[in-house]
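Undergrad: The file below is entry.cif, mmCIF, C-alpha atoms, pLDDT in the B column; chains and numbers go by the auth columns:
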data_target
loop_
_atom_site.group_PDB
_atom_site.id
_atom_site.type_symbol
_atom_site.label_atom_id
_atom_site.label_comp_id
_atom_site.label_asym_id
_atom_site.label_seq_id
_atom_site.Cartn_x
_atom_site.Cartn_y
_atom_site.Cartn_z
_atom_site.B_iso_or_equiv
_atom_site.auth_seq_id
_atom_site.auth_asym_id
ATOM 1 C CA SER A 1 31.310 -48.991 28.537 67.00 1 Q
ATOM 2 C CA THR A 2 33.676 -46.299 27.251 79.00 2 Q
ATOM 3 C CA MET A 3 35.045 -48.559 24.520 83.00 3 Q
ATOM 4 C CA LEU A 4 31.546 -49.750 23.652 83.00 4 Q
ATOM 5 C CA GLY A 5 30.321 -46.184 23.347 82.00 5 Q
ATOM 6 C CA ALA A 6 33.293 -45.225 21.182 87.00 6 Q
ATOM 7 C CA ALA A 7 32.570 -48.146 18.884 89.00 7 Q
ATOM 8 C CA ALA A 8 28.860 -47.328 18.685 90.00 8 Q
ATOM 9 C CA THR A 9 29.326 -43.641 17.839 90.00 9 Q
ATOM 10 C CA PRO A 10 30.471 -44.055 14.196 91.00 10 Q
ATOM 11 C CA VAL A 11 27.620 -46.519 13.614 91.00 11 Q
ATOM 12 C CA VAL A 12 25.140 -43.934 14.868 92.00 12 Q
ATOM 13 C CA SER A 13 26.858 -41.268 12.742 90.00 13 Q
ATOM 14 C CA ALA A 14 26.442 -43.393 9.636 89.00 14 Q
ATOM 15 C CA SER A 15 22.758 -43.841 10.413 88.00 15 Q
ATOM 16 C CA LEU A 16 22.249 -40.115 10.967 89.00 16 Q
ATOM 17 C CA LYS A 17 23.821 -39.300 7.621 84.00 17 Q
ATOM 18 C CA GLY A 18 20.753 -40.626 5.861 82.00 18 Q
ATOM 19 C CA ALA A 19 18.297 -39.311 8.433 85.00 19 Q
ATOM 20 C CA MET A 20 19.725 -35.765 8.430 86.00 20 Q
ATOM 21 C CA PRO A 21 20.807 -35.063 4.838 84.00 21 Q
ATOM 22 C CA ASN A 22 20.194 -31.316 4.971 88.00 22 Q
ATOM 23 C CA VAL A 23 22.149 -30.326 8.107 93.00 23 Q
ATOM 24 C CA PRO A 24 25.550 -31.144 9.595 94.00 24 Q
ATOM 25 C CA GLN A 25 25.576 -33.884 12.212 93.00 25 Q
ATOM 26 C CA TRP A 26 27.146 -31.616 14.850 96.00 26 Q
ATOM 27 C CA THR A 27 27.475 -33.799 17.977 95.00 27 Q
ATOM 28 C CA TRP A 28 24.165 -35.641 17.674 96.00 28 Q
ATOM 29 C CA SER A 29 25.783 -39.082 17.636 95.00 29 Q
ATOM 30 C CA PHE A 30 27.839 -38.264 20.727 95.00 30 Q
ATOM 31 C CA ASN A 31 24.711 -37.153 22.563 96.00 31 Q
ATOM 32 C CA ILE A 32 22.705 -40.201 21.556 95.00 32 Q
ATOM 33 C CA VAL A 33 25.384 -42.662 22.636 95.00 33 Q
ATOM 34 C CA ALA A 34 26.550 -40.839 25.756 95.00 34 Q
ATOM 35 C CA LEU A 35 23.062 -40.075 27.045 95.00 35 Q
ATOM 36 C CA THR A 36 22.008 -43.680 26.521 93.00 36 Q
ATOM 37 C CA MET A 37 24.735 -44.707 28.955 93.00 37 Q
ATOM 38 C CA LEU A 38 24.325 -41.772 31.334 93.00 38 Q
ATOM 39 C CA LEU A 39 20.571 -42.226 31.677 92.00 39 Q
ATOM 40 C CA ARG A 40 21.289 -45.812 32.661 90.00 40 Q
ATOM 41 C CA SER A 41 24.058 -45.032 35.163 90.00 41 Q
ATOM 42 C CA ARG A 42 22.443 -41.787 36.460 91.00 42 Q
ATOM 43 C CA PRO A 43 25.725 -40.201 37.645 88.00 43 Q
ATOM 44 C CA LEU A 44 24.078 -37.065 39.057 88.00 44 Q
ATOM 45 C CA SER A 45 21.560 -38.949 41.185 84.00 45 Q
ATOM 46 C CA ASP A 46 24.168 -39.541 43.903 67.00 46 Q
ATOM 47 C CA VAL A 47 24.950 -35.847 44.434 56.00 47 Q
ATOM 48 C CA VAL A 48 24.275 -34.988 48.052 47.00 48 Q
ATOM 49 C CA VAL A 49 24.755 -31.928 50.236 43.00 49 Q
ATOM 50 C CA VAL A 50 27.155 -32.579 53.115 45.00 50 Q
ATOM 51 C CA VAL A 51 26.370 -30.751 56.348 44.00 51 Q
ATOM 52 C CA ASP A 52 28.902 -30.358 59.131 46.00 52 Q
ATOM 53 C CA GLU A 53 27.161 -32.022 62.101 48.00 53 Q
ATOM 54 C CA SER A 54 29.345 -30.213 64.615 46.00 54 Q
ATOM 55 C CA ILE A 55 27.779 -26.965 63.418 40.00 55 Q
ATOM 56 C CA ALA A 56 24.291 -28.283 62.736 44.00 56 Q
ATOM 57 C CA ASN A 57 23.966 -29.841 66.205 53.00 57 Q
ATOM 58 C CA ASN A 58 25.401 -26.924 68.147 51.00 58 Q
ATOM 59 C CA GLY A 59 22.538 -24.673 69.083 47.00 59 Q
ATOM 60 C CA THR A 60 24.144 -22.558 71.817 46.00 60 Q
ATOM 61 C CA ALA A 61 23.924 -18.809 71.644 47.00 61 Q
ATOM 62 C CA SER A 62 27.703 -18.425 71.789 53.00 62 Q
ATOM 63 C CA SER A 63 28.240 -20.617 68.750 52.00 63 Q
ATOM 64 C CA GLU A 64 25.606 -18.700 66.816 57.00 64 Q
ATOM 65 C CA GLU A 65 27.262 -15.398 67.683 57.00 65 Q
ATOM 66 C CA ALA A 66 30.657 -16.739 66.674 48.00 66 Q
ATOM 67 C CA ALA A 67 29.267 -18.017 63.403 47.00 67 Q
ATOM 68 C CA ALA A 68 27.645 -14.653 62.715 51.00 68 Q
ATOM 69 C CA ALA A 69 30.955 -12.899 63.352 48.00 69 Q
ATOM 70 C CA VAL A 70 32.774 -15.228 60.978 48.00 70 Q
ATOM 71 C CA VAL A 71 30.138 -14.724 58.292 46.00 71 Q
ATOM 72 C CA ALA A 72 30.277 -10.962 58.657 48.00 72 Q
ATOM 73 C CA ALA A 73 34.086 -10.931 58.457 45.00 73 Q
ATOM 74 C CA ALA A 74 34.142 -13.130 55.387 47.00 74 Q
ATOM 75 C CA SER A 75 31.230 -11.559 53.505 55.00 75 Q
ATOM 76 C CA SER A 76 33.279 -8.935 51.668 55.00 76 Q
ATOM 77 C CA THR A 77 35.883 -11.502 50.617 59.00 77 Q
ATOM 78 C CA ALA A 78 33.191 -13.925 49.456 56.00 78 Q
ATOM 79 C CA SER A 79 31.444 -11.179 47.470 64.00 79 Q
ATOM 80 C CA ALA A 80 34.677 -10.236 45.732 64.00 80 Q
ATOM 81 C CA ALA A 81 35.421 -13.870 44.926 70.00 81 Q
ATOM 82 C CA ALA A 82 31.899 -14.394 43.581 75.00 82 Q
ATOM 83 C CA LEU A 83 32.229 -11.335 41.356 78.00 83 Q
ATOM 84 C CA GLY A 84 35.562 -12.581 40.052 84.00 84 Q
ATOM 85 C CA ASP A 85 34.103 -16.013 39.308 86.00 85 Q
ATOM 86 C CA ALA A 86 31.149 -14.447 37.502 86.00 86 Q
ATOM 87 C CA LEU A 87 33.427 -12.297 35.338 92.00 87 Q
ATOM 88 C CA ALA A 88 35.551 -15.341 34.476 96.00 88 Q
ATOM 89 C CA SER A 89 32.527 -17.537 33.709 97.00 89 Q
ATOM 90 C CA PRO A 90 32.638 -16.968 29.899 98.00 90 Q
ATOM 91 C CA LEU A 91 36.170 -18.401 29.839 98.00 91 Q
ATOM 92 C CA ALA A 92 35.041 -21.303 32.021 98.00 92 Q
ATOM 93 C CA GLY A 93 32.215 -21.869 29.542 98.00 93 Q
ATOM 94 C CA ILE A 94 34.729 -22.252 26.724 98.00 94 Q
ATOM 95 C CA SER A 95 36.735 -24.746 28.782 98.00 95 Q
ATOM 96 C CA GLN A 96 33.548 -26.742 29.490 98.00 96 Q
ATOM 97 C CA ILE A 97 33.408 -27.614 25.795 97.00 97 Q
ATOM 98 C CA PHE A 98 36.127 -30.080 26.780 97.00 98 Q
ATOM 99 C CA VAL A 99 34.468 -30.910 30.143 96.00 99 Q
ATOM 100 C CA VAL A 100 36.974 -28.784 32.072 97.00 100 Q
ATOM 101 C CA ASP A 101 36.082 -26.185 34.701 96.00 101 Q
ATOM 102 C CA SER A 102 38.973 -23.732 34.375 97.00 102 Q
ATOM 103 C CA PRO A 103 38.961 -20.130 33.148 97.00 103 Q
ATOM 104 C CA ILE A 104 42.708 -20.444 32.559 97.00 104 Q
ATOM 105 C CA THR A 105 42.156 -23.420 30.266 98.00 105 Q
ATOM 106 C CA GLY A 106 39.357 -21.498 28.560 98.00 106 Q
ATOM 107 C CA ALA A 107 41.712 -18.585 27.973 98.00 107 Q
ATOM 108 C CA GLY A 108 44.247 -20.952 26.421 98.00 108 Q
ATOM 109 C CA ILE A 109 41.606 -22.429 24.112 98.00 109 Q
ATOM 110 C CA LEU A 110 40.501 -18.915 23.167 98.00 110 Q
ATOM 111 C CA VAL A 111 44.067 -17.887 22.312 98.00 111 Q
ATOM 112 C CA ALA A 112 44.528 -21.025 20.204 98.00 112 Q
ATOM 113 C CA THR A 113 41.253 -20.330 18.398 98.00 113 Q
ATOM 114 C CA HIS A 114 42.379 -16.745 17.827 98.00 114 Q
ATOM 115 C CA THR A 115 45.489 -17.958 16.004 98.00 115 Q
ATOM 116 C CA TYR A 116 43.194 -19.804 13.595 97.00 116 Q
ATOM 117 C CA SER A 117 40.503 -17.135 13.317 98.00 117 Q
ATOM 118 C CA PRO A 118 40.280 -13.999 15.483 98.00 118 Q
ATOM 119 C CA LYS A 119 36.626 -13.485 14.586 98.00 119 Q
ATOM 120 C CA LEU A 120 35.741 -17.081 15.431 98.00 120 Q
ATOM 121 C CA ALA A 121 37.358 -16.554 18.830 98.00 121 Q
ATOM 122 C CA MET A 122 35.070 -13.568 19.313 98.00 122 Q
ATOM 123 C CA HIS A 123 32.063 -15.733 18.445 98.00 123 Q
ATOM 124 C CA ALA A 124 33.182 -18.214 21.101 98.00 124 Q
ATOM 125 C CA LEU A 125 33.747 -15.632 23.824 98.00 125 Q
ATOM 126 C CA GLY A 126 30.659 -13.595 22.951 98.00 126 Q
ATOM 127 C CA GLY A 127 28.451 -16.665 22.780 98.00 127 Q
ATOM 128 C CA SER A 128 29.662 -17.957 26.122 98.00 128 Q
ATOM 129 C CA ALA A 129 29.175 -14.521 27.704 98.00 129 Q
ATOM 130 C CA VAL A 130 25.591 -14.336 26.414 98.00 130 Q
ATOM 131 C CA GLY A 131 24.883 -17.819 27.768 98.00 131 Q
ATOM 132 C CA CYS A 132 26.264 -16.946 31.202 97.00 132 Q
ATOM 133 C CA LEU A 133 24.222 -13.735 31.235 97.00 133 Q
ATOM 134 C CA VAL A 134 21.056 -15.677 30.419 98.00 134 Q
ATOM 135 C CA GLY A 135 21.881 -18.000 33.296 97.00 135 Q
ATOM 136 C CA LEU A 136 22.263 -15.111 35.728 96.00 136 Q
ATOM 137 C CA LEU A 137 19.044 -13.455 34.542 97.00 137 Q
ATOM 138 C CA SER A 138 17.238 -16.791 34.852 96.00 138 Q
ATOM 139 C CA GLY A 139 18.197 -17.065 38.509 95.00 139 Q
ATOM 140 C CA ALA A 140 20.498 -20.036 38.023 96.00 140 Q
ATOM 141 C CA PRO A 141 22.842 -20.885 40.913 95.00 141 Q
ATOM 142 C CA LEU A 142 25.939 -18.703 40.715 95.00 142 Q
ATOM 143 C CA SER A 143 28.089 -21.792 41.166 95.00 143 Q
ATOM 144 C CA ASP A 144 26.667 -23.293 37.965 96.00 144 Q
ATOM 145 C CA VAL A 145 27.187 -20.079 35.998 97.00 145 Q
ATOM 146 C CA SER A 146 30.713 -19.622 37.354 96.00 146 Q
ATOM 147 C CA ALA A 147 31.567 -23.195 36.398 96.00 147 Q
ATOM 148 C CA GLY A 148 30.708 -22.364 32.781 97.00 148 Q
ATOM 149 C CA LEU A 149 27.776 -24.748 32.559 97.00 149 Q
ATOM 150 C CA TRP A 150 25.586 -22.049 31.024 98.00 150 Q
ATOM 151 C CA GLY A 151 28.245 -20.986 28.538 98.00 151 Q
ATOM 152 C CA TYR A 152 29.516 -23.960 26.573 98.00 152 Q
ATOM 153 C CA ASN A 153 26.397 -24.699 24.515 98.00 153 Q
ATOM 154 C CA SER A 154 26.074 -21.022 23.677 98.00 154 Q
ATOM 155 C CA ALA A 155 29.734 -20.784 22.656 98.00 155 Q
ATOM 156 C CA LEU A 156 29.327 -23.783 20.347 98.00 156 Q
ATOM 157 C CA ALA A 157 26.135 -22.385 18.824 98.00 157 Q
ATOM 158 C CA SER A 158 27.752 -19.015 18.090 98.00 158 Q
ATOM 159 C CA MET A 159 30.836 -20.687 16.630 98.00 159 Q
ATOM 160 C CA ALA A 160 28.629 -22.811 14.373 98.00 160 Q
ATOM 161 C CA VAL A 161 27.158 -19.620 12.912 98.00 161 Q
ATOM 162 C CA GLY A 162 30.647 -18.188 12.443 98.00 162 Q
ATOM 163 C CA VAL A 163 31.897 -21.297 10.659 98.00 163 Q
ATOM 164 C CA PHE A 164 28.943 -22.046 8.383 98.00 164 Q
ATOM 165 C CA PHE A 165 27.512 -18.636 7.492 98.00 165 Q
ATOM 166 C CA VAL A 166 28.971 -15.827 5.422 97.00 166 Q
ATOM 167 C CA GLU A 167 29.662 -12.932 7.768 97.00 167 Q
ATOM 168 C CA SER A 168 27.044 -10.198 7.707 96.00 168 Q
ATOM 169 C CA ARG A 169 25.051 -8.069 10.082 96.00 169 Q
ATOM 170 C CA GLU A 170 22.326 -10.702 9.992 97.00 170 Q
ATOM 171 C CA SER A 171 24.740 -13.536 10.817 97.00 171 Q
ATOM 172 C CA LEU A 172 26.064 -11.588 13.812 97.00 172 Q
ATOM 173 C CA VAL A 173 22.524 -11.133 15.079 97.00 173 Q
ATOM 174 C CA LEU A 174 21.925 -14.839 14.506 98.00 174 Q
ATOM 175 C CA SER A 175 25.074 -15.682 16.469 98.00 175 Q
ATOM 176 C CA GLY A 176 23.845 -13.775 19.511 98.00 176 Q
ATOM 177 C CA THR A 177 20.325 -15.117 19.156 98.00 177 Q
ATOM 178 C CA CYS A 178 21.577 -18.702 18.942 98.00 178 Q
ATOM 179 C CA ALA A 179 23.674 -18.164 22.055 98.00 179 Q
ATOM 180 C CA ALA A 180 20.657 -16.941 24.017 98.00 180 Q
ATOM 181 C CA ALA A 181 18.438 -19.717 22.645 98.00 181 Q
ATOM 182 C CA ALA A 182 20.986 -22.414 23.474 98.00 182 Q
ATOM 183 C CA ALA A 183 21.270 -21.145 27.055 98.00 183 Q
ATOM 184 C CA SER A 184 17.503 -21.003 27.465 98.00 184 Q
ATOM 185 C CA LEU A 185 17.178 -24.529 26.129 98.00 185 Q
ATOM 186 C CA PHE A 186 19.979 -25.649 28.437 98.00 186 Q
ATOM 187 C CA GLY A 187 18.023 -24.331 31.389 97.00 187 Q
ATOM 188 C CA GLY A 188 15.002 -26.433 30.480 97.00 188 Q
ATOM 189 C CA LEU A 189 16.819 -29.583 29.408 97.00 189 Q
ATOM 190 C CA SER A 190 19.231 -29.604 32.341 96.00 190 Q
ATOM 191 C CA THR A 191 16.257 -29.580 34.692 95.00 191 Q
ATOM 192 C CA ALA A 192 14.474 -32.311 32.749 96.00 192 Q
ATOM 193 C CA PHE A 193 17.502 -34.586 32.472 96.00 193 Q
ATOM 194 C CA GLY A 194 18.530 -33.766 36.032 94.00 194 Q
ATOM 195 C CA THR A 195 15.417 -35.516 37.324 94.00 195 Q
ATOM 196 C CA TYR A 196 16.861 -38.676 35.781 94.00 196 Q
ATOM 197 C CA GLY A 197 20.344 -38.065 37.172 94.00 197 Q
ATOM 198 C CA ALA A 198 22.002 -37.124 33.885 95.00 198 Q
ATOM 199 C CA PRO A 199 23.330 -33.950 32.227 96.00 199 Q
ATOM 200 C CA CYS A 200 21.936 -32.721 28.911 97.00 200 Q
ATOM 201 C CA LEU A 201 25.440 -32.535 27.361 97.00 201 Q
ATOM 202 C CA THR A 202 25.388 -30.620 24.030 98.00 202 Q
ATOM 203 C CA LEU A 203 21.781 -31.278 23.045 98.00 203 Q
ATOM 204 C CA PRO A 204 20.918 -27.545 23.251 98.00 204 Q
ATOM 205 C CA PHE A 205 23.739 -26.706 20.849 98.00 205 Q
ATOM 206 C CA CYS A 206 22.692 -29.414 18.386 98.00 206 Q
ATOM 207 C CA ALA A 207 19.049 -28.358 18.375 97.00 207 Q
ATOM 208 C CA VAL A 208 19.751 -24.629 18.014 98.00 208 Q
ATOM 209 C CA ALA A 209 22.517 -25.047 15.419 98.00 209 Q
ATOM 210 C CA SER A 210 20.329 -27.343 13.305 97.00 210 Q
ATOM 211 C CA ALA A 211 17.471 -24.840 13.375 97.00 211 Q
ATOM 212 C CA ALA A 212 19.817 -21.970 12.494 97.00 212 Q
ATOM 213 C CA TYR A 213 21.327 -23.894 9.584 97.00 213 Q
ATOM 214 C CA LEU A 214 17.882 -24.294 8.036 95.00 214 Q
ATOM 215 C CA LEU A 215 17.214 -20.540 8.081 96.00 215 Q
ATOM 216 C CA GLU A 216 19.033 -19.881 4.804 92.00 216 Q
ATOM 217 C CA GLY A 217 16.531 -18.743 2.213 90.00 217 Q
ATOM 218 C CA HIS A 218 14.043 -17.772 4.908 94.00 218 Q
ATOM 219 C CA VAL A 219 15.856 -14.757 6.387 94.00 219 Q
ATOM 220 C CA PRO A 220 17.182 -12.055 4.049 94.00 220 Q
ATOM 221 C CA GLY A 221 20.909 -11.528 4.468 93.00 221 Q
ATOM 222 C CA LEU A 222 21.665 -14.990 5.791 96.00 222 Q
ATOM 223 C CA ARG A 223 23.786 -17.042 3.423 96.00 223 Q
ATOM 224 C CA LEU A 224 25.589 -20.323 3.999 97.00 224 Q
ATOM 225 C CA ALA A 225 29.250 -20.434 3.005 97.00 225 Q
ATOM 226 C CA LYS A 226 30.094 -22.502 -0.064 95.00 226 Q
ATOM 227 C CA GLU A 227 33.136 -23.903 1.723 95.00 227 Q
ATOM 228 C CA PRO A 228 32.728 -23.400 5.484 96.00 228 Q
ATOM 229 C CA HIS A 229 35.946 -22.290 7.133 96.00 229 Q
ATOM 230 C CA SER A 230 35.892 -19.131 9.255 97.00 230 Q
ATOM 231 C CA PRO A 231 34.246 -15.691 9.292 97.00 231 Q
ATOM 232 C CA GLU A 232 37.320 -14.220 7.601 97.00 232 Q
ATOM 233 C CA LYS A 233 37.301 -16.658 4.657 96.00 233 Q
ATOM 234 C CA ASN A 234 33.671 -17.622 4.195 96.00 234 Q
ATOM 235 C CA CYS A 235 32.116 -16.382 0.991 92.00 235 Q
#
Can you dump the structure from the file as structure tokens?

TA:
Amino acid sequence: STMLGAAATPVVSASLKGAMPNVPQWTWSFNIVALTMLLRSRPLSDVVVVVDESIANNGTASSEEAAAAVVAAASSTASAAALGDALASPLAGISQIFVVDSPITGAGILVATHTYSPKLAMHALGGSAVGCLVGLLSGAPLSDVSAGLWGYNSALASMAVGVFFVESRESLVLSGTCAAAAASLFGGLSTAFGTYGAPCLTLPFCAVASAAYLLEGHVPGLRLAKEPHSPEKNC
């Protein structure tokens, strides 16, 4: 199926070229092909919560007291770890662009991006941070936010603004707005696709980036770059 999907992607890209002449293709073809397979295989439908039966079936008072003592002793450590994971979530969001859950990997990607364009790296980090913040404010599970799932679409959306628009105050506002919009859309789409056992991949990024690209001429101060490159070189 992997080889079949790889072969189908350029065919879909060629078809989209005529259907979407006014905007970049982003990762639309990837989403169309990958989601077609994922909605069929439903990889997330088999996720289950494993409960330790030795704990669940032990209802004695002594075991409950022991469990309470363990929880109380570990609460401060768990809180500190959760805070650390939350603070590192923007870096995890950057790593999730490559389907990796690792703040260290995200930091490496950010450094590499910085060598190409420092300002584009800031778009990536800022966008991911905004997306993670939206996730926290939306009441998303901390584990999902810490894993960067709320950050990668937002990072991509902000980077798209940095690459395709001439830098201005308006483009910076658009970058942050796109990050928030991509995260909000991720929240809705992840729930919708989750009922069918599939992730929403980068659909939020594609939708938000396409809408942002079409804003030129409608918002004063927003101007597409003649030769898209980076915030430093766009003109």

Undergrad: Evaluate the PyMOL selection byres ((chain Q and resi 31-33) around 8) here and jot the selected residues down as a short mmCIF file (atom, residue, chain, number, x, y, z; two decimals) with C-alpha atoms, in the coordinates of the input.

TA:
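Saved the output as selection_25.cif:
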data_model
loop_
_atom_site.label_atom_id
_atom_site.label_comp_id
_atom_site.auth_asym_id
_atom_site.auth_seq_id
_atom_site.Cartn_x
_atom_site.Cartn_y
_atom_site.Cartn_z
CA GLY Q 5 30.32 -46.18 23.35
CA ALA Q 8 28.86 -47.33 18.68
CA THR Q 9 29.33 -43.64 17.84
CA VAL Q 12 25.14 -43.93 14.87
CA THR Q 27 27.48 -33.80 17.98
CA TRP Q 28 24.16 -35.64 17.67
CA SER Q 29 25.78 -39.08 17.64
CA PHE Q 30 27.84 -38.26 20.73
CA ALA Q 34 26.55 -40.84 25.76
CA LEU Q 35 23.06 -40.08 27.04
CA THR Q 36 22.01 -43.68 26.52
CA MET Q 37 24.74 -44.71 28.96
CA LEU Q 201 25.44 -32.53 27.36
CA THR Q 202 25.39 -30.62 24.03
CA LEU Q 203 21.78 -31.28 23.04
#

Undergrad: Please determine the residues with any atom at most 12 Å from (29.3, -22.8, 3.8) (coordinates as given in the file, with all atoms listed in the file counting) and report them as a list in words.

TA: Val23, Pro24, Ala160, Val161, Gly162, Val163, Phe164, Phe165, Val166, Glu167, Tyr213, Glu216, Leu222, Arg223, Leu224, Ala225, Lys226, Glu227, Pro228, His229, Ser230, Pro231, Lys233, Asn234 and Cys235 of chain Q

Undergrad: Give the answer as one residue: which of Q:Gly176, Q:Pro10, Q:Gly126, Q:Pro141 has the shortest atom-to-atom distance to Ala212 (chain Q), using only C-alpha atoms?

TA: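 Of the candidates, the smallest distance to Ala212 (chain Q) is held by Q:Gly176.
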
Undergrad: Using only C-alpha atoms, which residues sit within 10 Å of region 97-113 of chain Q once same-chain residues fewer than 3 positions away are excluded, as a PDB file with C-alpha atoms, in the frame of the given file?

TA:
ATOM      1  CA  ASP Q  85      34.103 -16.013  39.308  1.00 86.00           C
ATOM      2  CA  LEU Q  87      33.427 -12.297  35.338  1.00 92.00           C
ATOM      3  CA  ALA Q  88      35.551 -15.341  34.476  1.00 96.00           C
ATOM      4  CA  SER Q  89      32.527 -17.537  33.709  1.00 97.00           C
ATOM      5  CA  PRO Q  90      32.638 -16.968  29.899  1.00 98.00           C
ATOM      6  CA  LEU Q  91      36.170 -18.401  29.839  1.00 98.00           C
ATOM      7  CA  ALA Q  92      35.041 -21.303  32.021  1.00 98.00           C
ATOM      8  CA  GLY Q  93      32.215 -21.869  29.542  1.00 98.00           C
ATOM      9  CA  ILE Q  94      34.729 -22.252  26.724  1.00 98.00           C
ATOM     10  CA  TYR Q 116      43.194 -19.804  13.595  1.00 97.00           C
ATOM     11  CA  SER Q 117      40.503 -17.135  13.317  1.00 98.00           C
ATOM     12  CA  PRO Q 118      40.280 -13.999  15.483  1.00 98.00           C
ATOM     13  CA  LYS Q 119      36.626 -13.485  14.586  1.00 98.00           C
ATOM     14  CA  LEU Q 120      35.741 -17.081  15.431  1.00 98.00           C
ATOM     15  CA  ALA Q 121      37.358 -16.554  18.830  1.00 98.00           C
ATOM     16  CA  MET Q 122      35.070 -13.568  19.313  1.00 98.00           C
ATOM     17  CA  ALA Q 124      33.182 -18.214  21.101  1.00 98.00           C
ATOM     18  CA  LEU Q 125      33.747 -15.632  23.824  1.00 98.00           C
ATOM     19  CA  SER Q 146      30.713 -19.622  37.354  1.00 96.00           C
ATOM     20  CA  ALA Q 147      31.567 -23.195  36.398  1.00 96.00           C
ATOM     21  CA  GLY Q 148      30.708 -22.364  32.781  1.00 97.00           C
ATOM     22  CA  LEU Q 149      27.776 -24.748  32.559  1.00 97.00           C
ATOM     23  CA  GLY Q 151      28.245 -20.986  28.538  1.00 98.00           C
ATOM     24  CA  TYR Q 152      29.516 -23.960  26.573  1.00 98.00           C
ATOM     25  CA  ASN Q 153      26.397 -24.699  24.515  1.00 98.00           C
ATOM     26  CA  ALA Q 155      29.734 -20.784  22.656  1.00 98.00           C
ATOM     27  CA  LEU Q 156      29.327 -23.783  20.347  1.00 98.00           C
ATOM     28  CA  LEU Q 201      25.440 -32.535  27.361  1.00 97.00           C
ATOM     29  CA  THR Q 202      25.388 -30.620  24.030  1.00 98.00           C
TER      30      THR Q 202
END

Undergrad: So what does the PyMOL selection byres ((chain Q and resi 195) around 12) actually pick up in this one, as a PDB file with C-alpha atoms, keeping the file's coordinate frame?

TA:
ATOM      1  CA  LEU Q  39      20.571 -42.226  31.677  1.00 92.00           C
ATOM      2  CA  ARG Q  42      22.443 -41.787  36.460  1.00 91.00           C
ATOM      3  CA  PRO Q  43      25.725 -40.201  37.645  1.00 88.00           C
ATOM      4  CA  LEU Q  44      24.078 -37.065  39.057  1.00 88.00           C
ATOM      5  CA  SER Q  45      21.560 -38.949  41.185  1.00 84.00           C
ATOM      6  CA  ASP Q  46      24.168 -39.541  43.903  1.00 67.00           C
ATOM      7  CA  VAL Q  47      24.950 -35.847  44.434  1.00 56.00           C
ATOM      8  CA  GLY Q 188      15.002 -26.433  30.480  1.00 97.00           C
ATOM      9  CA  LEU Q 189      16.819 -29.583  29.408  1.00 97.00           C
ATOM     10  CA  SER Q 190      19.231 -29.604  32.341  1.00 96.00           C
ATOM     11  CA  THR Q 191      16.257 -29.580  34.692  1.00 95.00           C
ATOM     12  CA  ALA Q 192      14.474 -32.311  32.749  1.00 96.00           C
ATOM     13  CA  PHE Q 193      17.502 -34.586  32.472  1.00 96.00           C
ATOM     14  CA  GLY Q 194      18.530 -33.766  36.032  1.00 94.00           C
ATOM     15  CA  TYR Q 196      16.861 -38.676  35.781  1.00 94.00           C
ATOM     16  CA  GLY Q 197      20.344 -38.065  37.172  1.00 94.00           C
ATOM     17  CA  ALA Q 198      22.002 -37.124  33.885  1.00 95.00           C
ATOM     18  CA  PRO Q 199      23.330 -33.950  32.227  1.00 96.00           C
ATOM     19  CA  CYS Q 200      21.936 -32.721  28.911  1.00 97.00           C
TER      20      CYS Q 200
END

Undergrad: How far is it from CA of Val173 (chain Q) to CA of Leu83 (chain Q), in Å with one decimal?

TA: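 These two atoms are separated by 28.0 Å.
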
Undergrad: Report, in Å with one decimal, the straight-line distance from CA of Ala182 (chain Q) to CA of Ala157 (chain Q).

TA: 6.9 Å

Undergrad: Smallest atom-to-atom distance to Ala81 (chain Q): which of Q:Ser171, Q:Thr177, Q:Ser143, Q:Ser138, using only C-alpha atoms?

TA: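 Closest to Ala81 (chain Q), using only C-alpha atoms: Q:Ser143.
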
Undergrad: On this file, the PyMOL selection byres ((chain Q and resi 184) around 12) gives some set of residues; write that set as JSON, numbers by chain.

TA: {"Q": [130, 131, 132, 133, 134, 135, 136, 137, 138, 139, 140, 150, 151, 153, 154, 177, 178, 179, 180, 181, 182, 183, 185, 186, 187, 188, 189, 190, 191, 203, 204, 205, 207, 208]}

Undergrad: Quick one, how far is CA of Ser158 (chain Q) from CA of Cys206 (chain Q)?

TA: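 CA of Cys206 (chain Q) lies 11.6 Å from CA of Ser158 (chain Q).
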